[in-house]
Structure formats: structure tokens, C-alpha cells
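This is input_10.txt. It holds compact mmCIF, C-alpha atoms.
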```
# COMPACT_ATOMS: atom_id res chain seq x y z
CA MET A 118 86.73 48.77 59.90
CA LEU A 119 86.86 46.03 62.53
CA VAL A 120 83.07 46.07 62.86
CA ARG A 121 82.65 45.68 59.10
CA LEU A 122 85.20 42.85 59.05
CA PHE A 123 83.35 41.16 61.91
CA HIS A 124 80.06 41.36 59.98
CA VAL A 125 81.72 39.86 56.90
CA VAL A 126 83.17 36.96 58.90
CA VAL A 127 79.85 36.25 60.64
CA SER A 128 78.03 36.37 57.26
CA ILE A 129 80.50 33.87 55.77
CA ILE A 130 80.05 31.53 58.75
CA PHE A 131 76.25 31.67 58.47
CA LEU A 132 76.45 31.10 54.72
CA PHE A 133 78.66 28.07 55.26
CA MET A 134 76.18 26.67 57.81
CA LEU A 135 73.19 27.25 55.52
CA LEU A 136 74.75 25.84 52.34
CA PRO A 137 73.69 22.23 53.12
CA VAL A 138 70.11 23.45 53.63
CA PHE A 139 70.16 25.25 50.26
CA TYR A 140 71.58 22.11 48.67
CA VAL A 141 68.75 19.96 50.07
CA VAL A 142 66.05 22.37 48.90
CA LEU A 143 67.51 22.81 45.40
CA SER A 144 68.11 19.07 45.00
CA SER A 145 64.48 18.34 45.84
CA PHE A 146 63.52 20.07 42.57
CA ASN A 147 66.19 18.34 40.49
CA GLN A 148 64.85 16.57 37.41
CA SER A 149 67.58 13.93 37.53
CA PRO A 150 66.61 10.61 39.18
CA SER A 151 69.97 10.51 40.96
CA LEU A 152 71.44 13.00 43.40
CA SER A 153 73.46 15.55 41.45
CA PHE A 154 74.32 19.21 41.66
CA PRO A 155 73.66 21.65 40.09
CA PRO A 156 70.11 20.55 39.14
CA SER A 157 69.68 19.52 35.52
CA GLY A 158 66.06 20.73 35.45
CA PHE A 159 63.04 21.70 37.54
CA THR A 160 60.35 19.25 38.63
CA LEU A 161 57.88 18.66 41.46
CA ASP A 162 57.61 14.94 40.79
CA TRP A 163 59.71 13.94 43.79
CA TYR A 164 57.25 15.64 46.14
CA ARG A 165 54.38 13.70 44.55
CA LYS A 166 56.31 10.42 44.76
CA ILE A 167 57.16 10.59 48.47
CA PRO A 168 56.19 7.12 49.83
CA GLU A 169 53.47 6.90 52.44
CA PRO A 170 55.84 5.47 55.11
CA PHE A 171 57.74 8.77 55.06
CA TRP A 172 54.53 10.73 55.72
CA GLN A 173 53.71 8.35 58.58
CA SER A 174 57.19 8.85 60.04
CA LEU A 175 56.85 12.62 59.71
CA ARG A 176 53.52 12.59 61.55
CA LEU A 177 55.02 10.35 64.25
CA SER A 178 58.02 12.68 64.64
CA VAL A 179 55.71 15.68 65.05
CA VAL A 180 53.58 13.85 67.64
CA VAL A 181 56.66 12.74 69.57
CA GLY A 182 58.22 16.22 69.33
CA VAL A 183 55.10 18.03 70.51
CA SER A 184 54.55 15.54 73.35
CA THR A 185 58.18 15.88 74.45
CA ALA A 186 58.04 19.67 74.29
CA VAL A 187 54.80 19.91 76.27
CA ILE A 188 55.85 17.52 79.05
CA ALA A 189 59.39 18.92 79.32
CA THR A 190 58.16 22.52 79.28
CA VAL A 191 55.55 22.05 82.00
CA LEU A 192 57.79 20.08 84.36
CA GLY A 193 60.93 22.03 83.48
CA THR A 194 59.27 25.37 84.20
CA VAL A 195 58.02 24.22 87.60
CA VAL A 196 61.41 22.75 88.54
CA ALA A 197 63.34 25.81 87.35
CA ILE A 198 61.17 28.18 89.38
CA ARG A 199 61.50 25.92 92.40
CA ILE A 200 65.30 25.84 92.12
CA MET A 201 65.62 29.61 91.65
CA ARG A 202 63.34 30.44 94.60
CA SER A 203 64.42 27.81 97.08
CA SER A 204 67.01 28.60 99.75
CA SER A 205 67.87 24.95 100.43
CA ARG A 206 71.57 24.16 100.67
CA TRP A 207 70.96 21.14 98.43
CA ASN A 208 69.81 23.34 95.55
CA PRO A 209 73.16 23.39 93.68
CA LEU A 210 73.44 19.60 93.89
CA PHE A 211 69.81 19.13 92.82
CA GLY A 212 70.26 21.53 89.90
CA ALA A 213 73.46 19.84 88.77
CA LEU A 214 71.74 16.45 88.90
CA LEU A 215 68.88 17.67 86.73
CA LEU A 216 71.25 19.25 84.21
CA SER A 217 73.56 16.21 84.05
CA PRO A 218 71.90 14.68 80.93
CA LEU A 219 73.37 17.59 78.96
CA MET A 220 76.82 16.09 79.57
CA VAL A 221 75.83 12.60 78.37
CA PRO A 222 75.74 11.86 74.60
CA PRO A 223 72.29 10.81 73.29
CA LEU A 224 73.88 7.58 72.06
CA VAL A 225 74.73 6.63 75.64
CA ILE A 226 71.23 7.48 76.87
CA GLY A 227 69.69 5.41 74.06
CA ALA A 228 71.91 2.41 74.85
CA ALA A 229 71.15 2.76 78.58
CA LEU A 230 67.39 2.78 77.93
CA MET A 231 67.69 -0.29 75.71
CA MET A 232 69.64 -2.15 78.40
CA PHE A 233 67.07 -1.06 80.99
CA GLY A 234 64.33 -2.60 78.84
CA SER A 235 66.28 -5.86 78.61
CA VAL A 236 66.79 -5.98 82.38
CA MET A 237 63.10 -5.30 83.03
CA TRP A 238 62.19 -8.11 80.63
CA ASP A 239 64.44 -10.54 82.52
CA LEU A 240 63.07 -9.45 85.92
CA VAL A 241 59.33 -9.04 85.38
CA GLY A 242 58.72 -10.13 81.78
CA ILE A 243 57.83 -6.61 80.63
CA ASN A 244 59.91 -4.55 78.23
CA PRO A 245 58.95 -0.85 78.51
CA THR A 246 60.97 0.02 75.39
CA GLY A 247 60.21 -0.63 71.73
CA ASN A 248 57.28 1.78 71.47
CA THR A 249 56.47 5.45 70.98
CA PHE A 250 56.21 6.14 74.71
CA SER A 251 59.77 4.98 75.31
CA VAL A 252 60.99 7.36 72.57
CA ILE A 253 59.12 10.23 74.23
CA ALA A 254 60.65 9.27 77.59
CA GLY A 255 64.15 9.25 76.11
CA HIS A 256 63.63 12.60 74.40
CA PHE A 257 62.19 14.00 77.62
CA ALA A 258 65.40 13.06 79.47
CA LEU A 259 67.37 15.14 76.96
CA ALA A 260 64.91 18.02 76.65
CA LEU A 261 64.19 18.63 80.35
CA PRO A 262 67.65 20.11 81.14
CA LEU A 263 67.35 22.47 78.15
CA VAL A 264 64.02 23.80 79.39
CA ILE A 265 65.28 24.13 82.97
CA ARG A 266 68.36 26.03 81.85
CA SER A 267 66.32 28.31 79.58
CA VAL A 268 63.77 29.17 82.27
CA MET A 269 66.48 29.65 84.89
CA ALA A 270 68.24 32.11 82.56
CA ALA A 271 64.99 34.06 82.14
CA HIS A 272 64.33 33.96 85.90
CA ALA A 273 67.79 35.35 86.66
CA HIS A 274 66.58 38.78 85.48
CA PHE A 275 63.16 38.53 87.11
CA ASP A 276 61.95 41.60 89.02
CA PHE A 277 60.23 40.42 92.19
CA SER A 278 58.77 43.87 92.81
CA ILE A 279 56.08 43.28 90.19
CA GLU A 280 54.83 40.29 92.17
CA GLU A 281 54.80 42.34 95.36
CA ALA A 282 52.91 45.09 93.58
CA ALA A 283 50.31 42.62 92.31
CA LEU A 284 49.86 41.17 95.82
CA ASN A 285 49.51 44.65 97.33
CA LEU A 286 46.81 45.43 94.78
CA GLY A 287 44.73 42.46 95.92
CA ALA A 288 45.77 39.65 93.59
CA THR A 289 45.89 36.13 95.00
CA PRO A 290 49.12 34.08 94.80
CA ARG A 291 47.49 31.95 92.09
CA GLN A 292 46.63 35.02 90.03
CA VAL A 293 50.13 36.41 90.51
CA PHE A 294 51.68 33.19 89.25
CA PHE A 295 49.54 32.87 86.11
CA LYS A 296 49.13 36.57 85.26
CA VAL A 297 52.47 38.03 86.38
CA THR A 298 55.17 35.40 86.86
CA LEU A 299 54.51 33.17 83.86
CA PRO A 300 54.12 36.04 81.34
CA ALA A 301 57.40 37.53 82.57
CA LEU A 302 59.15 34.17 82.10
CA MET A 303 57.41 33.37 78.80
CA PRO A 304 60.42 34.16 76.55
CA GLY A 305 62.52 31.60 78.42
CA ILE A 306 59.66 29.09 78.52
CA THR A 307 58.97 29.46 74.80
CA SER A 308 62.62 29.15 73.80
CA GLY A 309 62.94 26.04 75.98
CA ALA A 310 59.87 24.51 74.31
CA ILE A 311 61.27 25.26 70.85
CA PHE A 312 64.63 23.68 71.69
CA ALA A 313 62.89 20.63 73.16
CA PHE A 314 60.78 20.17 70.04
CA LEU A 315 63.72 20.59 67.65
CA LEU A 316 65.88 18.23 69.71
CA SER A 317 63.19 15.56 69.55
CA LEU A 318 62.58 16.12 65.84
CA ASP A 319 66.29 15.75 65.06
CA ASP A 320 67.16 12.79 67.30
CA VAL A 321 68.36 9.53 65.79
CA ALA A 322 70.23 7.68 68.53
CA ILE A 323 67.46 7.33 71.12
CA ALA A 324 64.72 6.61 68.57
CA LEU A 325 66.96 4.01 66.92
CA PHE A 326 67.66 2.18 70.20
CA VAL A 327 64.26 2.24 71.90
CA GLY A 328 61.82 2.91 69.06
CA SER A 329 59.58 0.43 67.31
CA GLY A 330 60.66 -1.20 64.06
CA ASP A 331 57.17 -0.75 62.65
CA GLU A 332 56.81 2.91 63.67
CA GLN A 333 59.98 4.83 62.89
CA THR A 334 60.55 8.54 63.37
CA LEU A 335 61.53 10.48 60.27
CA PRO A 336 65.29 10.73 61.00
CA VAL A 337 65.47 6.97 61.57
CA ARG A 338 63.44 6.32 58.40
CA ILE A 339 65.76 8.54 56.36
CA LEU A 340 68.87 6.91 57.86
CA SER A 341 67.62 3.38 57.15
CA THR A 342 66.64 4.35 53.59
CA LEU A 343 70.05 5.88 52.88
CA GLU A 344 71.62 2.47 53.40
CA TYR A 345 70.23 1.21 50.09
CA SER A 346 68.78 4.19 48.21
CA PHE A 347 69.74 7.76 47.28
CA SER A 348 66.39 8.67 45.78
CA PRO A 349 65.60 12.41 45.39
CA THR A 350 62.43 11.75 47.40
CA LEU A 351 64.70 11.86 50.46
CA MET A 352 65.58 15.43 49.53
CA ALA A 353 61.90 16.22 49.01
CA ILE A 354 60.79 15.02 52.45
CA SER A 355 63.81 16.74 54.02
CA ALA A 356 62.92 19.97 52.24
CA ILE A 357 59.39 19.74 53.64
CA VAL A 358 60.90 19.66 57.14
CA VAL A 359 62.87 22.81 56.24
CA TYR A 360 59.70 24.53 55.01
CA GLY A 361 57.90 23.53 58.20
CA SER A 362 60.72 24.90 60.37
CA ILE A 363 60.69 28.22 58.51
CA LEU A 364 56.90 28.42 58.81
CA LEU A 365 57.10 27.69 62.53
CA MET A 366 59.64 30.48 63.04
CA LEU A 367 57.48 32.93 61.05
CA ILE A 368 54.39 32.07 63.12
CA ILE A 369 56.30 32.44 66.39
CA ASP A 370 57.79 35.73 65.23
CA ARG A 371 54.30 36.96 64.33
CA LEU A 372 52.66 35.86 67.58
CA VAL A 373 55.45 36.41 70.12
CA GLY A 374 58.48 37.91 68.43
CA LEU A 375 61.79 36.16 67.97
CA GLU A 376 63.62 39.09 69.54
CA LYS A 377 61.75 38.46 72.81
CA ILE A 378 62.43 34.74 72.80
CA PHE A 379 66.11 34.73 71.90
CA GLY A 380 67.02 38.03 73.51
CA PHE A 381 68.00 40.22 70.57
CA GLY A 382 66.47 43.42 69.25
CA ARG A 383 65.27 44.38 65.87
CA GLY A 384 67.78 46.32 63.86
```
Spell out the structure here as C-alpha cells.
Amino acid sequence: MLVRLFHVVVSIIFLFMLLPVFYVVLSSFNQSPSLSFPPSGFTLDWYRKIPEPFWQSLRLSVVVGVSTAVIATVLGTVVAIRIMRSSSRWNPLFGALLLSPLMVPPLVIGAALMMFGSVMWDLVGINPTGNTFSVIAGHFALALPLVIRSVMAAHAHFDFSIEEAALNLGATPRQVFFKVTLPALMPGITSGAIFAFLLSLDDVAIALFVGSGDEQTLPVRILSTLEYSFSPTLMAISAIVVYGSILLMLIIDRLVGLEKIFGFGRG
């Protein structure tokens, strides 16, 4: 009885969390030119009428997200393995320092980066902010701790005997790292990369503070458009992001398996 009640409560919570997503998708097909629910009719016109700046922002968000995920995953994996295998007494302090951005709101990080750009302009006449690279740097600061924590969690259950077995069988340390260690940590590495990409794709604060006015990421573009327009095209471009996220999860599940990445089994 308690198990069944627990399942019902969890289902209600998930339904409540997914209702806004259903609303966005259904509204993107609404025939009415103004946002209303339930839809008064079915149409695909809003997908055809998505302005080109939104497509440019979507492409920029994907580029920034992929760049952030790749850089954070490579460096975060190396750092996490180093922390977990080092016997230095400074390890806890070093690990806490690297994970500290998780305790700072993105708004504060964005404001700090903007102030840093202003100070650099006053000192040397160069402002490193206001471009795509500064957005990637800001997202990297947020994503790196997520990757480190994810890889460290995977490494906590690592069986060192498989490395010893590979070395005893004649493998070099390089071969052991790439053919034994990394595959064993791949679920944690992959989940960290996914979280880094989604964090970058969803960020508003950092991109708003240090991004370029001419090249806006999709969340910033949507936010700035909402100030003066409630066009259903906003729902259409948002729905496309939902479709892309679902497609990404399906591809990952097909290639790797979500149960391996997130640590649950198939029912």
C-alpha cells in the first residue's frame, strides 16, 4: 500500500513538473495569434514564421553549449582523477576550492565577470568580455564543478584491481588509462558532459552580463523578446528546444544507455 502511494505521489510530482513543457508544445500549434490555452485550432505556421535571429541564437547556444561541455569535461575529468588519486593533505582544500562555484549564484558570477572586464579596460585598454568566448568562459566556471563532482562520484566505486590486472597482462600505463580507466568512468564523464551542456544552454544571467548585444544566446533572445512581444513563435522555438532535448536523450540511450549514465536499472 505504501509503495503504491509512493508511486502515485512521485507520478503527480513529475506530472506537475512536466505540465509547463506540455503547455509550451501545445501552444506552439495554437492557431490563435495570441497566447491562449486550450488551443483554438491546429497550425504549423508559427514554426514557419520563426525569425532568423532566433535560429542564429539557437545555433550560437548550441556552439557555446558544446564548447563548454567539451572543455569542462576534459579538464574536469583530469582534475577529478587527480584529486581522487592524490594523497596530498591539501586535497580537501583544493577540491573545495574547485567546487566553490556551485555555491555562488550565476547572477553573481555574471556580474563579477562584467566588473572584471571593466577593470581590465581601465588598466590595459582591453575588455575581454562582450563576446562569445567570455560567455563560454563564464559557463565553464559553472560547469567545471558539475563535471568534477560527477566524475568523482563515479570514481568512488572504481575497482583498482582491473588496472593492476591490465598492467600484469602487459598493458602500458597509457593503454590502461584509455582502455580501462576511462571506459570504467564513462558513465560519470558522460553525465557530467550532459549537465554541462544543459547548464550552458539554459543560462541567462552570465550570457546577459558578458555576452555580445549583436550575438545573443537563445535564452537571452527569448527574454528580451518577451519584454515587448508574446508571439506564439516564442513557443515554437521553445518547443524545438524540447524536441532537440528529447532526441538527444534518445540518442544517448541508444548509444550508451541512460541507466548506465544516471545509475538506475531498467524495470
Got a sec to check which residues sit within 9 Å of (61.5, 18.5, 90.9), counting all atoms listed in the file, and write them as a PyMOL selection string?
chain A and resi 192-193+195-197+199-200+211+215
If you take only C-alpha atoms and a cut-off of 10 Å, which residues of stretch 152-263 of chain A touch stretch 292-307 of chain A, and what are their nearest atom pairs and distances in Å to one decimal, in chain and number order, as a Markdown table?
```
| residue | atom | partner | partner_atom | distance |
| --- | --- | --- | --- | --- |
| A:Ala186 | CA | A:Thr307 | CA | 9.8 |
| A:Thr190 | CA | A:Ile306 | CA | 6.8 |
| A:Val191 | CA | A:Ile306 | CA | 8.9 |
| A:Gly193 | CA | A:Ile306 | CA | 8.7 |
| A:Thr194 | CA | A:Ile306 | CA | 6.8 |
| A:Ile198 | CA | A:Leu302 | CA | 9.6 |
```
Work out where the centre of an axis-aligned box around every listed atom of stretch 228-246 of chain A lies and how long its edges are once 4 Å is added on each side; give both in Å to one decimal as JSON.
```
{"center_x": 64.9, "center_y": -3.9, "center_z": 80.4, "size_x": 22.1, "size_y": 21.3, "size_z": 19.1}
```
Nearest to A:Ser184 among A:Ala260, A:Ala324, A:Leu367, A:Ala288, with distances taken over all atoms listed in the file: which residue is it?
A:Ala260
Can you list, as an MDAnalysis selection string, every protein, DNA or RNA residue that comes within 8 Å of A:Glu332 when you count all atoms listed in the file, leaving out same-chain residues fewer than 5 positions away?
chainID A and resid 174 177 248:249
Restricting the calculation to only C-alpha atoms: of A:Gly247, A:Leu175, A:Leu316, A:Leu161, which residue gets closest to A:Ala189?
A:Leu316
Who sits within 12 Å of A:Pro156, all atoms listed in the file, same chain under 6 positions skipped, as a list in words
Tyr140, Val141, Val142, Leu143, Ser144, Ser145, Phe146, Asn147, Gln148, Ser149, Pro150 and Pro349 of chain A
Each stretch 291-354 of chain A residue no farther than 9 Å from stretch 229-236 of chain A, nearest pair in Å, only C-alpha atoms, as a Markdown table:
```
| residue | atom | partner | partner_atom | distance |
| --- | --- | --- | --- | --- |
| A:Ile323 | CA | A:Leu230 | CA | 8.2 |
| A:Phe326 | CA | A:Met231 | CA | 6.0 |
| A:Val327 | CA | A:Met231 | CA | 5.7 |
```
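Distances here use all atoms listed in the file; by that measure, the residue among A:Leu340, A:Leu335, A:Met134, A:Ala322 closest to A:Val358 is A:Leu335.
Reported to one decimal place, the separation of atom CA of A:Phe257 from atom CA of A:Pro218 is 10.3 Å.
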Pick from A:Asp331, A:Asp370, A:Glu344, A:Asp239: nearest to A:Gln173, with all atoms listed in the file counted?
A:Asp331
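You will find atom CA of A:Ser329 at 9.9 Å from atom CA of A:Phe250.
Closest approach to A:Ile188 among A:Phe133, A:Pro209, A:Phe154, A:Ala313: A:Ala313, based on only C-alpha atoms.
Considering all atoms listed in the file, the residue among A:Gly227, A:Gly361, A:Pro168, A:Pro290 positioned nearest to A:Gly328 is A:Gly227.
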Can you measure atom CA of A:Ala228 to atom CA of A:Gln333 for me? One decimal in Å is fine.
17.1 Å
